[in-house]
file run.pdb (PDB, C-alpha atoms and all ligand atoms)
ATOM      1  CA  MET A   1       0.000   0.000   0.000
ATOM      2  CA  THR A   2       1.296   3.438  -0.924
ATOM      3  CA  ILE A   3       0.760   6.581   1.161
ATOM      4  CA  SER A   4      -1.815   7.686  -1.375
ATOM      5  CA  ASP A   5      -3.703   4.365  -1.038
ATOM      6  CA  ASN A   6      -3.614   4.587   2.759
ATOM      7  CA  LEU A   7      -4.894   8.132   2.641
ATOM      8  CA  LYS A   8      -7.805   7.113   0.407
ATOM      9  CA  MET A   9      -8.637   4.223   2.729
ATOM     10  CA  VAL A  10      -8.623   6.460   5.813
ATOM     11  CA  ARG A  11     -10.663   9.173   4.076
ATOM     12  CA  SER A  12     -13.250   6.634   2.984
ATOM     13  CA  ARG A  13     -13.862   5.850   6.654
ATOM     14  CA  LEU A  14     -14.357   9.468   7.717
ATOM     15  CA  PRO A  15     -17.770  11.121   7.585
ATOM     16  CA  ASP A  16     -17.819  14.470   5.743
ATOM     17  CA  HIS A  17     -17.922  16.561   8.913
ATOM     18  CA  VAL A  18     -14.675  15.068  10.252
ATOM     19  CA  GLU A  19     -11.442  16.871   9.390
ATOM     20  CA  LEU A  20      -8.315  14.803   8.832
ATOM     21  CA  VAL A  21      -4.992  16.004  10.229
ATOM     22  CA  ALA A  22      -2.244  13.884   8.652
ATOM     23  CA  VAL A  23       0.375  13.422  11.365
ATOM     24  CA  SER A  24       3.720  13.584   9.569
ATOM     25  CA  LYS A  25       6.144  13.635  12.521
ATOM     26  CA  THR A  26       9.472  11.878  11.741
ATOM     27  CA  LYS A  27       8.414  11.537   8.078
ATOM     28  CA  SER A  28      10.453  12.963   5.206
ATOM     29  CA  ASN A  29       9.466  15.829   2.931
ATOM     30  CA  GLN A  30       9.174  13.294   0.139
ATOM     31  CA  GLU A  31       6.668  11.222   2.087
ATOM     32  CA  ILE A  32       4.696  14.322   3.004
ATOM     33  CA  MET A  33       4.626  15.315  -0.679
ATOM     34  CA  GLN A  34       3.056  11.979  -1.566
ATOM     35  CA  ALA A  35       0.154  12.831   0.726
ATOM     36  CA  TYR A  36       0.127  16.399  -0.594
ATOM     37  CA  ASP A  37      -0.077  15.184  -4.176
ATOM     38  CA  ALA A  38      -3.010  12.995  -3.153
ATOM     39  CA  GLY A  39      -4.804  16.165  -2.035
ATOM     40  CA  GLN A  40      -3.983  16.378   1.683
ATOM     41  CA  ARG A  41      -3.333  19.935   2.902
ATOM     42  CA  VAL A  42      -3.573  19.711   6.703
ATOM     43  CA  PHE A  43      -0.559  18.233   8.492
ATOM     44  CA  GLY A  44       0.288  17.839  12.163
ATOM     45  CA  GLU A  45       3.686  17.764  13.856
ATOM     46  CA  ASN A  46       4.681  17.464  17.497
ATOM     47  CA  LYS A  47       8.151  19.039  17.550
ATOM     48  CA  VAL A  48       8.659  22.758  17.006
ATOM     49  CA  GLN A  49      11.996  22.526  15.216
ATOM     50  CA  GLU A  50      10.769  19.877  12.803
ATOM     51  CA  LEU A  51       7.560  21.775  12.168
ATOM     52  CA  VAL A  52       9.379  25.023  11.391
ATOM     53  CA  ARG A  53      11.819  23.304   9.061
ATOM     54  CA  LYS A  54       9.074  21.519   7.123
ATOM     55  CA  GLN A  55       7.008  24.698   6.897
ATOM     56  CA  GLU A  56       9.982  26.430   5.273
ATOM     57  CA  GLU A  57      10.722  23.612   2.859
ATOM     58  CA  LEU A  58       7.254  22.509   1.777
ATOM     59  CA  PRO A  59       4.461  24.225  -0.224
ATOM     60  CA  ASN A  60       2.893  27.373   1.172
ATOM     61  CA  ASP A  61      -0.694  26.184   1.048
ATOM     62  CA  ILE A  62      -0.133  23.517   3.701
ATOM     63  CA  GLU A  63      -1.939  24.190   6.969
ATOM     64  CA  TRP A  64       0.351  23.248   9.832
ATOM     65  CA  HIS A  65      -1.081  22.100  13.148
ATOM     66  CA  MET A  66       1.041  21.818  16.294
ATOM     67  CA  ILE A  67      -0.290  18.709  18.013
ATOM     68  CA  GLY A  68       2.412  18.033  20.606
ATOM     69  CA  HIS A  69       3.373  19.436  23.959
ATOM     70  CA  LEU A  70       4.432  23.056  23.446
ATOM     71  CA  GLN A  71       6.967  24.848  25.616
ATOM     72  CA  ARG A  72       6.389  28.521  26.215
ATOM     73  CA  ASN A  73       9.832  29.579  25.001
ATOM     74  CA  LYS A  74       9.147  28.005  21.595
ATOM     75  CA  VAL A  75       5.795  29.618  20.809
ATOM     76  CA  LYS A  76       7.584  32.462  19.044
ATOM     77  CA  TYR A  77       8.826  30.156  16.285
ATOM     78  CA  LEU A  78       5.334  28.965  15.388
ATOM     79  CA  ALA A  79       3.395  32.174  15.897
ATOM     80  CA  PRO A  80       3.946  33.569  12.392
ATOM     81  CA  PHE A  81       2.287  30.686  10.552
ATOM     82  CA  VAL A  82       0.702  27.963  12.700
ATOM     83  CA  THR A  83      -2.932  27.220  11.761
ATOM     84  CA  LEU A  84      -4.021  25.496  14.963
ATOM     85  CA  ILE A  85      -2.333  24.677  18.279
ATOM     86  CA  HIS A  86      -3.924  21.526  19.748
ATOM     87  CA  GLY A  87      -2.041  21.196  23.012
ATOM     88  CA  VAL A  88      -2.782  24.241  25.162
ATOM     89  CA  ASP A  89      -2.458  22.856  28.669
ATOM     90  CA  SER A  90      -1.881  25.896  30.863
ATOM     91  CA  LEU A  91      -2.965  29.479  31.291
ATOM     92  CA  LYS A  92       0.671  30.576  31.125
ATOM     93  CA  LEU A  93       1.062  28.960  27.712
ATOM     94  CA  LEU A  94      -2.155  30.575  26.490
ATOM     95  CA  ARG A  95      -0.891  33.997  27.622
ATOM     96  CA  GLU A  96       2.384  33.455  25.779
ATOM     97  CA  ILE A  97       0.530  32.488  22.583
ATOM     98  CA  ASP A  98      -1.519  35.676  22.957
ATOM     99  CA  LYS A  99       1.655  37.740  23.357
ATOM    100  CA  GLN A 100       3.288  36.216  20.286
ATOM    101  CA  GLY A 101       0.055  36.486  18.304
ATOM    102  CA  LYS A 102       0.030  40.192  19.055
ATOM    103  CA  LYS A 103       3.610  40.565  17.875
ATOM    104  CA  TYR A 104       2.698  39.010  14.522
ATOM    105  CA  GLN A 105      -0.718  40.691  14.371
ATOM    106  CA  ARG A 106      -2.501  37.366  14.261
ATOM    107  CA  VAL A 107      -5.309  35.719  16.156
ATOM    108  CA  ILE A 108      -4.043  32.188  16.746
ATOM    109  CA  PRO A 109      -6.666  29.401  16.935
ATOM    110  CA  CYS A 110      -6.110  27.090  19.919
ATOM    111  CA  LEU A 111      -7.564  23.928  21.401
ATOM    112  CA  LEU A 112      -7.456  23.238  25.120
ATOM    113  CA  GLN A 113      -5.933  19.844  25.832
ATOM    114  CA  MET A 114      -7.803  17.941  28.517
ATOM    115  CA  HIS A 115      -6.285  15.147  30.563
ATOM    116  CA  ILE A 116      -8.669  12.223  30.004
ATOM    117  CA  ALA A 117      -6.323   9.198  30.148
ATOM    118  CA  MET A 118      -5.491   7.021  33.117
ATOM    119  CA  GLU A 119      -1.775   7.543  32.491
ATOM    120  CA  SER A 120      -0.357  10.469  34.424
ATOM    121  CA  SER A 121       2.310  10.878  31.744
ATOM    122  CA  LYS A 122      -0.123  12.486  29.348
ATOM    123  CA  PHE A 123      -0.477  16.255  29.369
ATOM    124  CA  GLY A 124      -3.665  18.196  29.818
ATOM    125  CA  LEU A 125      -5.872  20.376  31.937
ATOM    126  CA  ASN A 126      -8.170  19.200  34.694
ATOM    127  CA  ARG A 127     -11.727  20.434  35.057
ATOM    128  CA  GLU A 128     -10.829  23.291  37.440
ATOM    129  CA  GLU A 129      -8.145  24.605  35.129
ATOM    130  CA  LEU A 130     -10.584  24.384  32.222
ATOM    131  CA  ASP A 131     -13.115  26.497  34.097
ATOM    132  CA  GLU A 132     -10.495  29.063  34.974
ATOM    133  CA  ILE A 133      -9.576  29.456  31.303
ATOM    134  CA  LEU A 134     -13.213  29.567  30.136
ATOM    135  CA  GLU A 135     -13.780  32.517  32.447
ATOM    136  CA  LEU A 136     -10.908  34.481  30.946
ATOM    137  CA  ASP A 137     -11.517  37.602  28.983
ATOM    138  CA  GLY A 138      -9.271  39.931  27.103
ATOM    139  CA  LEU A 139      -6.882  37.670  25.255
ATOM    140  CA  GLU A 140      -7.330  39.236  21.844
ATOM    141  CA  HIS A 141      -4.743  37.296  19.905
ATOM    142  CA  VAL A 142      -5.861  33.782  20.713
ATOM    143  CA  LYS A 143      -9.133  32.212  19.705
ATOM    144  CA  LEU A 144     -10.289  29.236  21.734
ATOM    145  CA  VAL A 145     -12.020  26.973  19.251
ATOM    146  CA  GLY A 146     -12.321  23.620  20.994
ATOM    147  CA  LEU A 147     -10.863  20.728  22.940
ATOM    148  CA  MET A 148      -8.279  18.021  22.309
ATOM    149  CA  GLY A 149      -7.539  14.835  24.193
ATOM    150  CA  MET A 150      -5.677  11.551  24.019
ATOM    151  CA  ALA A 151      -7.123   8.351  25.383
ATOM    152  CA  THR A 152      -5.197   5.814  27.436
ATOM    153  CA  PHE A 153      -2.878   3.598  25.405
ATOM    154  CA  THR A 154      -4.645   0.301  26.010
ATOM    155  CA  PRO A 155      -6.244  -2.542  24.049
ATOM    156  CA  ASP A 156      -9.333  -2.074  26.262
ATOM    157  CA  MET A 157     -11.587  -0.251  23.800
ATOM    158  CA  GLU A 158     -14.327   0.182  26.398
ATOM    159  CA  GLN A 159     -11.901   2.247  28.467
ATOM    160  CA  VAL A 160     -11.041   4.320  25.392
ATOM    161  CA  ARG A 161     -14.731   4.774  24.592
ATOM    162  CA  LYS A 162     -15.447   6.011  28.121
ATOM    163  CA  GLU A 163     -12.640   8.531  27.973
ATOM    164  CA  PHE A 164     -13.804   9.899  24.614
ATOM    165  CA  ALA A 165     -17.378  10.083  25.888
ATOM    166  CA  PHE A 166     -16.138  12.108  28.844
ATOM    167  CA  LEU A 167     -14.219  14.524  26.595
ATOM    168  CA  SER A 168     -17.266  14.832  24.396
ATOM    169  CA  SER A 169     -19.423  15.800  27.388
ATOM    170  CA  LEU A 170     -16.858  18.443  28.377
ATOM    171  CA  PHE A 171     -17.005  19.773  24.818
ATOM    172  CA  GLU A 172     -20.807  20.102  25.009
ATOM    173  CA  TYR A 173     -20.403  21.951  28.296
ATOM    174  CA  CYS A 174     -17.815  24.329  26.808
ATOM    175  CA  LYS A 175     -20.135  25.125  23.900
ATOM    176  CA  THR A 176     -22.770  26.391  26.328
ATOM    177  CA  ARG A 177     -20.217  28.833  27.751
ATOM    178  CA  ARG A 178     -18.233  29.817  24.686
ATOM    179  CA  PRO A 179     -19.987  30.239  21.337
ATOM    180  CA  GLY A 180     -16.680  29.933  19.430
ATOM    181  CA  PHE A 181     -16.168  26.305  20.359
ATOM    182  CA  SER A 182     -16.537  24.105  17.279
ATOM    183  CA  ILE A 183     -13.640  21.613  17.164
ATOM    184  CA  LEU A 184     -13.323  18.358  19.085
ATOM    185  CA  SER A 185      -9.916  16.857  18.252
ATOM    186  CA  MET A 186      -9.811  13.231  19.315
ATOM    187  CA  GLY A 187      -8.849   9.978  17.649
ATOM    188  CA  MET A 188      -5.608   8.553  16.249
ATOM    189  CA  SER A 189      -4.808   5.582  13.985
ATOM    190  CA  GLY A 190      -5.817   2.985  16.547
ATOM    191  CA  ASP A 191      -8.972   4.575  17.911
ATOM    192  CA  TYR A 192     -10.402   7.121  15.452
ATOM    193  CA  GLU A 193     -13.517   5.135  14.667
ATOM    194  CA  ILE A 194     -14.490   5.070  18.349
ATOM    195  CA  ALA A 195     -13.616   8.761  18.637
ATOM    196  CA  ILE A 196     -15.931   9.623  15.728
ATOM    197  CA  GLU A 197     -18.709   7.518  17.204
ATOM    198  CA  GLN A 198     -18.276   9.615  20.377
ATOM    199  CA  GLY A 199     -18.529  12.945  18.557
ATOM    200  CA  SER A 200     -15.047  13.794  17.300
ATOM    201  CA  ASN A 201     -14.900  16.131  14.315
ATOM    202  CA  MET A 202     -11.108  16.234  13.907
ATOM    203  CA  VAL A 203      -8.860  13.169  13.869
ATOM    204  CA  ARG A 204      -5.056  13.135  14.016
ATOM    205  CA  ILE A 205      -3.803  10.171  12.036
ATOM    206  CA  GLY A 206      -0.174   9.240  11.440
ATOM    207  CA  SER A 207       0.791   5.591  11.122
ATOM    208  CA  ALA A 208      -2.376   4.526   9.274
ATOM    209  CA  ILE A 209      -1.329   6.926   6.499
ATOM    210  CA  PHE A 210       2.474   6.980   6.562
ATOM    211  CA  GLY A 211       3.207   3.561   8.085
ATOM    212  CA  ALA A 212       5.010   2.868  11.350
ATOM    213  CA  ARG A 213       7.441   5.475  12.618
ATOM    214  CA  ASN A 214      11.128   4.696  13.056
ATOM    215  CA  TYR A 215      12.460   6.655  15.964
ATOM    216  CA  PRO A 216      16.215   7.126  15.932
TER     217      PRO A 216
HETATM  218  C1  LIG B 301       1.718  10.880  16.990
HETATM  219  C2  LIG B 301       0.449  11.515  17.371
HETATM  220  C3  LIG B 301      -0.750  11.181  16.721
HETATM  221  C4  LIG B 301      -0.859  10.136  15.620
HETATM  222  O1  LIG B 301      -0.604   8.863  16.087
HETATM  223  P1  LIG B 301      -0.865   7.553  15.164
HETATM  224  O2  LIG B 301      -1.124   6.497  16.159
HETATM  225  O3  LIG B 301       0.374   7.348  14.386
HETATM  226  O4  LIG B 301      -2.024   7.845  14.307
HETATM  227  C5  LIG B 301      -1.903  11.834  17.117
HETATM  228  N1  LIG B 301      -1.885  12.763  18.078
HETATM  229  C6  LIG B 301      -0.759  13.121  18.727
HETATM  230  C7  LIG B 301      -0.830  14.160  19.786
HETATM  231  C8  LIG B 301       0.442  12.500  18.405
HETATM  232  O5  LIG B 301       1.563  12.861  19.051
END
call {"tool": "encode", "arguments": {"input": "run.pdb", "output": "structure tokens", "more": "lines below"}}
Ligand SMILES: *Cc1c(COP(=O)(O)O)cnc(C)c1O
result
Amino acid sequence: MTISDNLKMVRSRLPDHVELVAVSKTKSNQEIMQAYDAGQRVFGENKVQELVRKQEELPNDIEWHMIGHLQRNKVKYLAPFVTLIHGVDSLKLLREIDKQGKKYQRVIPCLLQMHIAMESSKFGLNREELDEILELDGLEHVKLVGLMGMATFTPDMEQVRKEFAFLSSLFEYCKTRRPGFSILSMGMSGDYEIAIEQGSNMVRIGSAIFGARNYP
């Protein structure tokens, strides 16, 4: 199966209202171009340096999403071009994105990452921190547009389903408080069908498109 075949297969399983973010971390420009030539324009990366390099080297009409953990001191490198930041997991980070957005005269779309997994290693906000951020006013250079979450890495699909259902209920709650909320980013190669069943409208898919990753 080529990247283009994989992409077609994945797309055929996504309802029209679900946006596909092709996760290209560790993949070469050449591999990304195969997906690009098959029509994909939205790509996700989880490392700032890699994201910036690929943005410089690849076509200008690609929309780049930052899907990984983002350190405050690196926001400045993404601020000029990033289309969506998925992993906002603190108020301090949100304030830094606002500051950098102002510098570049942009309003940067952001998702709040919620901690929904059993593993403590995964990043994300708890309910209290979410409420604190929802009450905020006056950040003019960030636009909160939704939530993101990662389920526990487990073969227990009932556990995964429960975690996605929980995130989905938080998303419904956020929509009652913030009219701008429209994106629920959940689901990866191994669990996107469950995520969609639970209300996801943006999936982040890497290995099902590009094949397994080889980490150095
Ligand atoms: C790597 C990654 C993905 C994609 O994972 P696959 O299992 O390869 O689809 C999705 N989301 C985040 C945050 C990731 O880091």
call {"tool": "resolve_selection", "arguments": {"input": "run.pdb", "expression": "the PyMOL selection byres (((chain A and resi 24) around 8) and not hetatm)", "output": "list in words"}}
result
Ala22, Val23, Lys25, Thr26, Lys27, Ile32, Phe43, Gly44, Glu45, Gly206 and Phe210 of chain A
call {"tool": "residues_around", "arguments": {"input": "run.pdb", "residues": "Gln71 of chain A", "least_positions_apart": "6", "cutoff": "12 Å", "atoms": "only C-alpha atoms", "output": "PDB file with C-alpha atoms, in the frame of the given file"}}
result
ATOM      1  CA  ASN A  46       4.681  17.464  17.497  1.00  0.00           C
ATOM      2  CA  LYS A  47       8.151  19.039  17.550  1.00  0.00           C
ATOM      3  CA  VAL A  48       8.659  22.758  17.006  1.00  0.00           C
ATOM      4  CA  GLN A  49      11.996  22.526  15.216  1.00  0.00           C
ATOM      5  CA  TYR A  77       8.826  30.156  16.285  1.00  0.00           C
ATOM      6  CA  LEU A  78       5.334  28.965  15.388  1.00  0.00           C
ATOM      7  CA  ILE A  85      -2.333  24.677  18.279  1.00  0.00           C
ATOM      8  CA  GLY A  87      -2.041  21.196  23.012  1.00  0.00           C
ATOM      9  CA  VAL A  88      -2.782  24.241  25.162  1.00  0.00           C
ATOM     10  CA  ASP A  89      -2.458  22.856  28.669  1.00  0.00           C
ATOM     11  CA  SER A  90      -1.881  25.896  30.863  1.00  0.00           C
ATOM     12  CA  LYS A  92       0.671  30.576  31.125  1.00  0.00           C
ATOM     13  CA  LEU A  93       1.062  28.960  27.712  1.00  0.00           C
ATOM     14  CA  LEU A  94      -2.155  30.575  26.490  1.00  0.00           C
ATOM     15  CA  GLU A  96       2.384  33.455  25.779  1.00  0.00           C
ATOM     16  CA  ILE A  97       0.530  32.488  22.583  1.00  0.00           C
ATOM     17  CA  PHE A 123      -0.477  16.255  29.369  1.00  0.00           C
TER      18      PHE A 123
END
call {"tool": "residues_around", "arguments": {"input": "run.pdb", "residues": "Cys110 of chain A", "least_positions_apart": "3", "cutoff": "8 Å", "atoms": "all atoms listed in the file", "output": "list in words"}}
result
Leu84, Ile85, His86, Gly87, Val88, Val142, Lys143, Leu144, Val145 and Gly146 of chain A
call {"tool": "resolve_selection", "arguments": {"input": "run.pdb", "expression": "the PyMOL selection byres (((chain A and resi 7) around 9) and not hetatm)", "output": "list in words"}}
result
Thr2, Ile3, Ser4, Asp5, Asn6, Lys8, Met9, Val10, Arg11, Ser12, Ala22, Ala35, Ala38, Gln40, Ala208, Ile209 and Phe210 of chain A
call {"tool": "residues_near_ligand", "arguments": {"input": "run.pdb", "ligand": "ligand LIG 301 (chain B)", "cutoff": "6 Å", "atoms": "only C-alpha atoms and all ligand atoms", "output": "list of chain:residue names"}}
result
A:Val23, A:Asn46, A:Ile67, A:Gly68, A:Met188, A:Ser189, A:Gly190, A:Arg204, A:Ile205, A:Gly206, A:Ser207
call {"tool": "closest_residue", "arguments": {"input": "run.pdb", "among": "A:Met202, A:Gly211, A:Ile196, A:Pro80", "to": "Glu31 of chain A", "atoms": "only C-alpha atoms"}}
result
A:Gly211
call {"tool": "atom_distance", "arguments": {"input": "run.pdb", "atom1": "atom CA of Pro15 of chain A", "atom2": "atom CA of Asp191 of chain A"}}
result
15.1 Å
call {"tool": "residues_around", "arguments": {"input": "run.pdb", "residues": "segment 155-170 of chain A", "least_positions_apart": "4", "cutoff": "6 Å", "atoms": "all atoms listed in the file", "output": "PyMOL selection string"}}
result
chain A and resi 116+151+198
call {"tool": "resolve_selection", "arguments": {"input": "run.pdb", "expression": "the PyMOL selection byres (((chain A and resi 59) around 12) and not hetatm)", "output": "MDAnalysis selection string"}}
result
chainID A and resid 29:30 32:33 36:37 40:43 53:58 60:64
call {"tool": "atom_distance", "arguments": {"input": "run.pdb", "atom1": "atom CA of Ala117 of chain A", "atom2": "atom CA of Met66 of chain A"}}
result
20.1 Å
